[in-house]
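Below is data-v2.pdb, which holds PDB, C-alpha atoms.
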```
ATOM      1  CA  MET A   1     118.237  95.255 111.469
ATOM      2  CA  SER A   2     118.346  92.262 109.130
ATOM      3  CA  PHE A   3     118.417  91.558 105.413
ATOM      4  CA  ILE A   4     114.612  91.734 105.315
ATOM      5  CA  GLU A   5     114.273  95.176 106.940
ATOM      6  CA  PRO A   6     112.747  97.262 105.578
ATOM      7  CA  LEU A   7     110.357  94.648 104.219
ATOM      8  CA  SER A   8     109.915  94.717 100.447
ATOM      9  CA  GLY A   9     108.535  92.568  97.667
ATOM     10  CA  GLY A  10     110.457  90.852  94.890
ATOM     11  CA  CYS A  11     111.682  92.608  91.770
ATOM     12  CA  GLU A  12     109.837  92.600  88.462
ATOM     13  CA  GLY A  13     111.492  90.600  85.710
ATOM     14  CA  GLY A  14     113.265  92.469  82.931
ATOM     15  CA  THR A  15     111.002  93.739  80.130
ATOM     16  CA  VAL A  16     112.024  93.727  76.463
ATOM     17  CA  GLN A  17     110.839  96.240  73.864
ATOM     18  CA  VAL A  18     111.378  95.790  70.151
ATOM     19  CA  GLY A  19     108.370  97.592  68.702
ATOM     20  CA  GLU A  20     106.091  95.647  71.062
ATOM     21  CA  TYR A  21     106.728  94.875  74.725
ATOM     22  CA  SER A  22     107.493  91.469  76.194
ATOM     23  CA  PHE A  23     106.670  92.120  79.849
ATOM     24  CA  GLY A  24     108.639  90.637  82.722
ATOM     25  CA  GLY A  25     106.861  88.698  85.436
ATOM     26  CA  GLY A  26     105.627  90.552  88.501
ATOM     27  CA  GLY A  27     107.635  90.319  91.700
ATOM     28  CA  GLY A  28     106.228  88.389  94.642
ATOM     29  CA  GLY A  29     104.736  90.356  97.523
ATOM     30  CA  GLY A  30     106.152  91.327 100.886
ATOM     31  CA  LEU A  31     104.371  89.892 103.939
ATOM     32  CA  GLN A  32     104.955  90.343 107.664
ATOM     33  CA  ILE A  33     102.975  88.565 110.396
ATOM     34  CA  THR A  34     103.827  89.398 114.000
ATOM     35  CA  SER A  35     102.237  88.023 117.163
ATOM     36  CA  ARG A  36     102.937  88.478 120.868
ATOM     37  CA  THR A  37     102.015  84.827 121.475
ATOM     38  CA  ALA A  38     102.213  82.388 118.538
ATOM     39  CA  ILE A  39     101.822  81.942 114.786
ATOM     40  CA  THR A  40     100.487  78.555 113.676
ATOM     41  CA  ILE A  41     100.065  77.545 110.030
ATOM     42  CA  SER A  42      98.312  74.186 109.780
ATOM     43  CA  GLY A  43      95.704  72.261 107.791
ATOM     44  CA  SER A  44      95.913  73.506 104.188
ATOM     45  CA  GLY A  45      97.575  76.808 105.085
ATOM     46  CA  VAL A  46      99.808  78.255 102.364
ATOM     47  CA  ILE A  47     101.797  81.476 102.106
ATOM     48  CA  ASP A  48     102.624  82.054  98.430
ATOM     49  CA  ALA A  49     104.765  85.126  97.755
ATOM     50  CA  SER A  50     106.324  83.712  94.591
ATOM     51  CA  GLY A  51     107.181  85.696  91.466
ATOM     52  CA  GLY A  52     105.116  85.687  88.286
ATOM     53  CA  GLY A  53     105.997  84.185  84.927
ATOM     54  CA  ALA A  54     107.076  86.441  82.053
ATOM     55  CA  ALA A  55     104.647  87.080  79.183
ATOM     56  CA  HIS A  56     105.640  86.444  75.568
ATOM     57  CA  ARG A  57     104.773  88.722  72.646
ATOM     58  CA  GLN A  58     105.721  89.128  69.012
ATOM     59  CA  GLN A  59     105.998  92.102  66.717
ATOM     60  CA  PRO A  60     103.473  92.772  63.954
ATOM     61  CA  GLY A  61     104.365  90.603  61.003
ATOM     62  CA  GLY A  62     105.438  87.731  63.220
ATOM     63  CA  PHE A  63     108.960  88.947  63.948
ATOM     64  CA  PRO A  64     110.242  87.573  67.247
ATOM     65  CA  ILE A  65     111.109  89.448  70.423
ATOM     66  CA  ALA A  66     113.579  88.164  73.003
ATOM     67  CA  GLY A  67     111.865  86.651  76.027
ATOM     68  CA  ALA A  68     111.350  88.745  79.155
ATOM     69  CA  GLY A  69     112.566  87.673  82.591
ATOM     70  CA  GLY A  70     110.633  85.922  85.331
ATOM     71  CA  GLY A  71     109.670  87.861  88.448
ATOM     72  CA  GLY A  72     111.696  87.495  91.627
ATOM     73  CA  GLY A  73     110.154  85.875  94.678
ATOM     74  CA  GLY A  74     108.965  88.111  97.486
ATOM     75  CA  ASN A  75     109.959  88.271 101.146
ATOM     76  CA  VAL A  76     108.152  86.895 104.193
ATOM     77  CA  LEU A  77     108.743  87.708 107.859
ATOM     78  CA  LEU A  78     107.067  85.603 110.571
ATOM     79  CA  GLU A  79     107.849  86.597 114.157
ATOM     80  CA  ALA A  80     106.345  85.398 117.427
ATOM     81  CA  PRO A  81     107.538  83.588 120.554
ATOM     82  CA  GLN A  82     106.385  80.389 118.823
ATOM     83  CA  VAL A  83     106.210  79.883 115.036
ATOM     84  CA  ILE A  84     104.679  76.537 114.081
ATOM     85  CA  LEU A  85     104.369  75.008 110.590
ATOM     86  CA  ASP A  86     102.428  71.768 110.921
ATOM     87  CA  GLY A  87     100.953  69.465 108.279
ATOM     88  CA  PRO A  88     101.682  67.903 104.877
ATOM     89  CA  ALA A  89      99.773  70.585 102.945
ATOM     90  CA  VAL A  90     101.475  73.532 104.677
ATOM     91  CA  VAL A  91     103.844  75.514 102.438
ATOM     92  CA  VAL A  92     105.696  78.813 102.667
ATOM     93  CA  SER A  93     106.912  79.670  99.158
ATOM     94  CA  THR A  94     108.850  82.550  97.587
ATOM     95  CA  LYS A  95     109.948  80.870  94.346
ATOM     96  CA  GLY A  96     110.931  82.798  91.222
ATOM     97  CA  GLY A  97     108.849  82.873  88.039
ATOM     98  CA  GLY A  98     109.887  81.360  84.716
ATOM     99  CA  GLY A  99     111.263  83.428  81.834
ATOM    100  CA  ALA A 100     109.399  83.697  78.527
ATOM    101  CA  GLY A 101     110.462  81.890  75.390
ATOM    102  CA  ALA A 102     111.670  84.048  72.495
ATOM    103  CA  SER A 103     108.406  85.125  70.978
ATOM    104  CA  THR A 104     106.871  83.661  67.866
ATOM    105  CA  SER A 105     103.275  82.674  67.298
ATOM    106  CA  THR A 106     103.878  79.310  68.959
ATOM    107  CA  SER A 107     106.121  80.417  71.844
ATOM    108  CA  SER A 108     104.838  80.411  75.393
ATOM    109  CA  SER A 109     105.024  82.488  78.538
ATOM    110  CA  GLY A 110     106.929  81.454  81.644
ATOM    111  CA  SER A 111     105.029  79.858  84.505
ATOM    112  CA  ASP A 112     104.279  81.544  87.818
ATOM    113  CA  GLY A 113     106.475  80.470  90.708
ATOM    114  CA  GLY A 114     103.617  78.877  92.653
ATOM    115  CA  TYR A 115     104.130  76.689  95.691
ATOM    116  CA  ASP A 116     104.547  73.161  94.333
ATOM    117  CA  ALA A 117     107.832  71.262  94.622
ATOM    118  CA  SER A 118     109.151  71.910  91.098
ATOM    119  CA  PRO A 119     110.891  75.047  89.816
ATOM    120  CA  ALA A 120     108.637  77.209  87.621
ATOM    121  CA  PRO A 121     109.316  76.215  83.994
ATOM    122  CA  GLY A 122     110.362  78.780  81.439
ATOM    123  CA  GLY A 123     108.346  79.290  78.273
ATOM    124  CA  THR A 124     109.170  77.237  75.202
ATOM    125  CA  SER A 125     110.115  78.368  71.716
ATOM    126  CA  PRO A 126     110.175  76.470  68.396
ATOM    127  CA  SER A 127     113.652  77.911  67.767
ATOM    128  CA  GLN A 128     114.862  76.296  71.032
ATOM    129  CA  SER A 129     115.285  79.772  72.557
ATOM    130  CA  HIS A 130     113.495  78.676  75.717
ATOM    131  CA  GLY A 131     113.016  80.734  78.850
ATOM    132  CA  GLY A 132     114.932  79.815  81.995
ATOM    133  CA  ARG A 133     113.285  78.193  84.978
ATOM    134  CA  GLY A 134     112.763  80.132  88.185
ATOM    135  CA  GLY A 135     114.804  79.728  91.342
ATOM    136  CA  THR A 136     113.697  77.912  94.485
ATOM    137  CA  GLY A 137     115.088  77.780  97.980
ATOM    138  CA  ALA A 138     117.464  75.025  96.878
ATOM    139  CA  ASP A 139     118.163  75.927  93.230
ATOM    140  CA  VAL A 140     119.390  79.047  91.473
ATOM    141  CA  PRO A 141     117.396  80.440  88.521
ATOM    142  CA  PHE A 142     118.453  79.415  85.031
ATOM    143  CA  ALA A 143     119.401  81.743  82.193
ATOM    144  CA  GLY A 144     117.315  81.760  79.026
ATOM    145  CA  GLN A 145     118.565  79.740  76.074
ATOM    146  CA  SER A 146     119.634  80.935  72.659
ATOM    147  CA  ALA A 147     119.355  78.950  69.450
ATOM    148  CA  GLY A 148     122.731  80.382  68.461
ATOM    149  CA  CYS A 149     121.680  81.252  64.928
ATOM    150  CA  SER A 150     122.078  84.605  63.207
ATOM    151  CA  GLY A 151     119.108  86.842  63.972
ATOM    152  CA  CYS A 152     117.651  84.483  66.568
ATOM    153  CA  GLU A 153     116.421  85.976  69.835
ATOM    154  CA  ALA A 154     117.117  84.439  73.249
ATOM    155  CA  GLY A 155     114.681  83.344  75.932
ATOM    156  CA  GLY A 156     114.347  85.283  79.184
ATOM    157  CA  GLY A 157     115.999  84.223  82.419
ATOM    158  CA  GLY A 158     114.126  82.858  85.408
ATOM    159  CA  GLY A 159     113.492  84.951  88.509
ATOM    160  CA  ALA A 160     115.430  84.397  91.731
ATOM    161  CA  ALA A 161     113.792  83.018  94.854
ATOM    162  CA  GLY A 162     112.911  85.420  97.645
ATOM    163  CA  MET A 163     113.620  85.132 101.361
ATOM    164  CA  THR A 164     111.724  84.002 104.449
ATOM    165  CA  MET A 165     112.792  85.089 107.933
ATOM    166  CA  PHE A 166     111.568  83.290 111.054
ATOM    167  CA  ARG A 167     112.000  84.916 114.450
ATOM    168  CA  ASN A 168     111.021  83.039 117.608
ATOM    169  CA  LEU A 169     112.341  82.383 121.103
ATOM    170  CA  ALA A 170     114.274  79.305 120.006
ATOM    171  CA  GLY A 171     116.006  81.064 117.127
ATOM    172  CA  ALA A 172     115.273  78.087 114.853
ATOM    173  CA  ILE A 173     112.346  76.671 112.888
ATOM    174  CA  ALA A 174     111.483  72.978 112.490
ATOM    175  CA  PRO A 175     108.537  72.314 110.124
ATOM    176  CA  GLN A 176     106.463  69.387 111.397
ATOM    177  CA  ASN A 177     104.603  66.475 109.789
ATOM    178  CA  GLY A 178     105.546  67.260 106.193
ATOM    179  CA  ALA A 179     105.274  71.060 106.199
ATOM    180  CA  VAL A 180     107.821  72.648 103.837
ATOM    181  CA  VAL A 181     109.539  75.973 103.186
ATOM    182  CA  ARG A 182     110.221  76.573  99.470
ATOM    183  CA  SER A 183     112.286  79.689  99.914
ATOM    184  CA  LYS A 184     115.696  80.815 100.964
ATOM    185  CA  SER A 185     115.277  81.107 104.711
ATOM    186  CA  MET A 186     116.909  82.211 107.926
ATOM    187  CA  SER A 187     115.990  81.985 111.596
ATOM    188  CA  ALA A 188     116.849  84.222 114.535
ATOM    189  CA  GLN A 189     115.761  84.856 118.086
ATOM    190  CA  ILE A 190     112.892  87.270 118.486
ATOM    191  CA  ARG A 191     113.669  90.575 120.099
ATOM    192  CA  THR A 192     112.329  91.055 123.598
ATOM    193  CA  ARG A 193     111.897  93.987 125.934
ATOM    194  CA  LEU A 194     111.371  94.477 129.632
ATOM    195  CA  VAL A 195     107.911  95.719 130.542
ATOM    196  CA  PRO A 196     107.855  97.996 133.626
TER     197      PRO A 196
END
```
Could you render the structure as structure tokens?
Amino acid sequence: MSFIEPLSGGCEGGTVQVGEYSFGGGGGGGLQITSRTAITISGSGVIDASGGGAAHRQQPGGFPIAGAGGGGGGNVLLEAPQVILDGPAVVVSTKGGGGAGASTSTSSSGSDGGYDASPAPGGTSPSQSHGGRGGTGADVPFAGQSAGCSGCEAGGGGGAAGMTMFRNLAGAIAPQNGAVVRSKSMSAQIRTRLVP
């Protein structure tokens, strides 16, 4: 057993209700690919199991609602005797989504995690109660900001990055020719069995 068994997706971001709902971002999916021979991701191949950005809302009358949280990144398991990531456009991503800004008519939602190099930005707010950015493989998610004034609502926190597990005969993964993994990741040797 490992941290990724049983396989599951990422967690939904926290939702806020004050009259209306400010919905948290959706969690990234869970994906397992297993082969008895090899897995090769090349060309423009992308696996994106990142979390979604949180949506902003406001109450009737324009009263603000605290920002919801970004969705957590999902989990990916790739296992085969050979696992090859090859090419500058190849990405495996389980980034977290951005939190929503504290909601007014001009606030914004958090961004989806996506698979580009930057953390997913949190939503903005004119009161400076911005949402936190999502986590990546290298960076932790950021908390939402608060304007610090009486009656001001805070932005939602960013979602954490998910995990990617590689299992192959070597017990290690070495992306080639610019391929990248934007996820927390681990490698291990694939399990084998004797065939009568």
Chain and number of each residue from the PyMOL selection byres ((chain A and resi 117) around 10), as an NGL selection string | :A and (91 or 93 or 95 or 114-116 or 118-120 or 136 or 180-182)
Using the chain letters and numbers from the file, give me the residues hit by the PyMOL selection byres ((chain A and resi 29-31) around 8), as an MDAnalysis selection string.
-> chainID A and resid 7:10 27:28 32:33 49:50 73:77
With the file shown as input, list the residues that the PyMOL selection byres ((chain A and resi 142) around 8) selects, as a ChimeraX atom specification.
-> /A:132-135,140-141,143-144,157-158
Between A:Gly156, A:Gly137, A:Gly45, A:Gly19, which has the minimum distance to Ile84 of chain A (counting only C-alpha atoms)?
->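 Selected residue with least distance to Ile84 of chain A: A:Gly45.
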With all atoms listed in the file as the basis for distance, which of A:Ala80, A:Ile47, A:Ala66, A:Ala100 is at the shortest distance from Cys152 of chain A?
->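 When distances to Cys152 of chain A are compared using all atoms listed in the file, the smallest one comes from A:Ala66.
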Extract, using only C-alpha atoms, all DNA, RNA and protein residues at most 10 Å from Met165 of chain A, discarding same-chain residues fewer than 6 positions from it, and format them as a ChimeraX atom specification.
-> /A:2-4,32,75-79,173,183-188
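With all atoms listed in the file taken into account, the protein and nucleic acid residues at most 6 Å from Asn168 of chain A (excluding it and anything under 3 positions from it in its own chain) are Glu79, Ala80, Pro81, Gln82, Gly171, Gln189 and Ile190 of chain A.
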Completion step: segment 55-80 of chain A with N, CA and C atoms as a PDB file, in the frame of the given file:
```
ATOM      1  N   ALA A  55     105.582  87.214  80.307  1.00  0.00           N
ATOM      2  CA  ALA A  55     104.647  87.080  79.183  1.00  0.00           C
ATOM      3  C   ALA A  55     105.384  87.191  77.851  1.00  0.00           C
ATOM      4  N   HIS A  56     105.005  86.351  76.883  1.00  0.00           N
ATOM      5  CA  HIS A  56     105.640  86.444  75.568  1.00  0.00           C
ATOM      6  C   HIS A  56     104.779  87.287  74.627  1.00  0.00           C
ATOM      7  N   ARG A  57     105.438  87.921  73.683  1.00  0.00           N
ATOM      8  CA  ARG A  57     104.773  88.722  72.646  1.00  0.00           C
ATOM      9  C   ARG A  57     105.556  88.558  71.350  1.00  0.00           C
ATOM     10  N   GLN A  58     104.974  89.037  70.259  1.00  0.00           N
ATOM     11  CA  GLN A  58     105.721  89.128  69.012  1.00  0.00           C
ATOM     12  C   GLN A  58     105.337  90.410  68.300  1.00  0.00           C
ATOM     13  N   GLN A  59     106.249  90.874  67.461  1.00  0.00           N
ATOM     14  CA  GLN A  59     105.998  92.102  66.717  1.00  0.00           C
ATOM     15  C   GLN A  59     104.980  91.847  65.608  1.00  0.00           C
ATOM     16  N   PRO A  60     104.325  92.918  65.138  1.00  0.00           N
ATOM     17  CA  PRO A  60     103.473  92.772  63.954  1.00  0.00           C
ATOM     18  C   PRO A  60     104.277  92.181  62.799  1.00  0.00           C
ATOM     19  N   GLY A  61     103.661  91.273  62.086  1.00  0.00           N
ATOM     20  CA  GLY A  61     104.365  90.603  61.003  1.00  0.00           C
ATOM     21  C   GLY A  61     105.023  89.312  61.446  1.00  0.00           C
ATOM     22  N   GLY A  62     104.916  89.003  62.740  1.00  0.00           N
ATOM     23  CA  GLY A  62     105.438  87.731  63.220  1.00  0.00           C
ATOM     24  C   GLY A  62     106.896  87.732  63.597  1.00  0.00           C
ATOM     25  N   PHE A  63     107.543  88.908  63.587  1.00  0.00           N
ATOM     26  CA  PHE A  63     108.960  88.947  63.948  1.00  0.00           C
ATOM     27  C   PHE A  63     109.115  88.709  65.451  1.00  0.00           C
ATOM     28  N   PRO A  64     110.123  87.943  65.835  1.00  0.00           N
ATOM     29  CA  PRO A  64     110.242  87.573  67.247  1.00  0.00           C
ATOM     30  C   PRO A  64     110.809  88.691  68.116  1.00  0.00           C
ATOM     31  N   ILE A  65     110.534  88.583  69.399  1.00  0.00           N
ATOM     32  CA  ILE A  65     111.109  89.448  70.423  1.00  0.00           C
ATOM     33  C   ILE A  65     111.773  88.537  71.447  1.00  0.00           C
ATOM     34  N   ALA A  66     112.926  88.942  71.951  1.00  0.00           N
ATOM     35  CA  ALA A  66     113.579  88.164  73.003  1.00  0.00           C
ATOM     36  C   ALA A  66     112.645  88.017  74.204  1.00  0.00           C
ATOM     37  N   GLY A  67     112.739  86.908  74.891  1.00  0.00           N
ATOM     38  CA  GLY A  67     111.865  86.651  76.027  1.00  0.00           C
ATOM     39  C   GLY A  67     112.191  87.530  77.225  1.00  0.00           C
ATOM     40  N   ALA A  68     111.169  87.961  77.932  1.00  0.00           N
ATOM     41  CA  ALA A  68     111.350  88.745  79.155  1.00  0.00           C
ATOM     42  C   ALA A  68     111.698  87.820  80.323  1.00  0.00           C
ATOM     43  N   GLY A  69     112.132  88.441  81.431  1.00  0.00           N
ATOM     44  CA  GLY A  69     112.566  87.673  82.591  1.00  0.00           C
ATOM     45  C   GLY A  69     111.445  87.369  83.569  1.00  0.00           C
ATOM     46  N   GLY A  70     111.589  86.275  84.286  1.00  0.00           N
ATOM     47  CA  GLY A  70     110.633  85.922  85.331  1.00  0.00           C
ATOM     48  C   GLY A  70     110.753  86.837  86.536  1.00  0.00           C
ATOM     49  N   GLY A  71     109.672  87.010  87.263  1.00  0.00           N
ATOM     50  CA  GLY A  71     109.670  87.861  88.448  1.00  0.00           C
ATOM     51  C   GLY A  71     110.364  87.201  89.630  1.00  0.00           C
ATOM     52  N   GLY A  72     111.031  88.013  90.437  1.00  0.00           N
ATOM     53  CA  GLY A  72     111.696  87.495  91.627  1.00  0.00           C
ATOM     54  C   GLY A  72     110.699  87.189  92.735  1.00  0.00           C
ATOM     55  N   GLY A  73     111.003  86.195  93.540  1.00  0.00           N
ATOM     56  CA  GLY A  73     110.154  85.875  94.678  1.00  0.00           C
ATOM     57  C   GLY A  73     110.157  86.988  95.707  1.00  0.00           C
ATOM     58  N   GLY A  74     109.087  87.073  96.474  1.00  0.00           N
ATOM     59  CA  GLY A  74     108.965  88.111  97.486  1.00  0.00           C
ATOM     60  C   GLY A  74     109.652  87.735  98.790  1.00  0.00           C
ATOM     61  N   ASN A  75     109.341  88.472  99.838  1.00  0.00           N
ATOM     62  CA  ASN A  75     109.959  88.271 101.146  1.00  0.00           C
ATOM     63  C   ASN A  75     108.889  88.124 102.221  1.00  0.00           C
ATOM     64  N   VAL A  76     109.110  87.201 103.137  1.00  0.00           N
ATOM     65  CA  VAL A  76     108.152  86.895 104.193  1.00  0.00           C
ATOM     66  C   VAL A  76     108.858  86.967 105.543  1.00  0.00           C
ATOM     67  N   LEU A  77     108.229  87.626 106.493  1.00  0.00           N
ATOM     68  CA  LEU A  77     108.743  87.708 107.859  1.00  0.00           C
ATOM     69  C   LEU A  77     107.671  87.209 108.823  1.00  0.00           C
ATOM     70  N   LEU A  78     107.973  86.153 109.559  1.00  0.00           N
ATOM     71  CA  LEU A  78     107.067  85.603 110.571  1.00  0.00           C
ATOM     72  C   LEU A  78     107.772  85.696 111.920  1.00  0.00           C
ATOM     73  N   GLU A  79     107.189  86.440 112.860  1.00  0.00           N
ATOM     74  CA  GLU A  79     107.849  86.597 114.157  1.00  0.00           C
ATOM     75  C   GLU A  79     106.844  86.511 115.296  1.00  0.00           C
ATOM     76  N   ALA A  80     107.166  85.640 116.243  1.00  0.00           N
ATOM     77  CA  ALA A  80     106.345  85.398 117.427  1.00  0.00           C
ATOM     78  C   ALA A  80     107.170  84.536 118.376  1.00  0.00           C
TER      79      ALA A  80
END
```
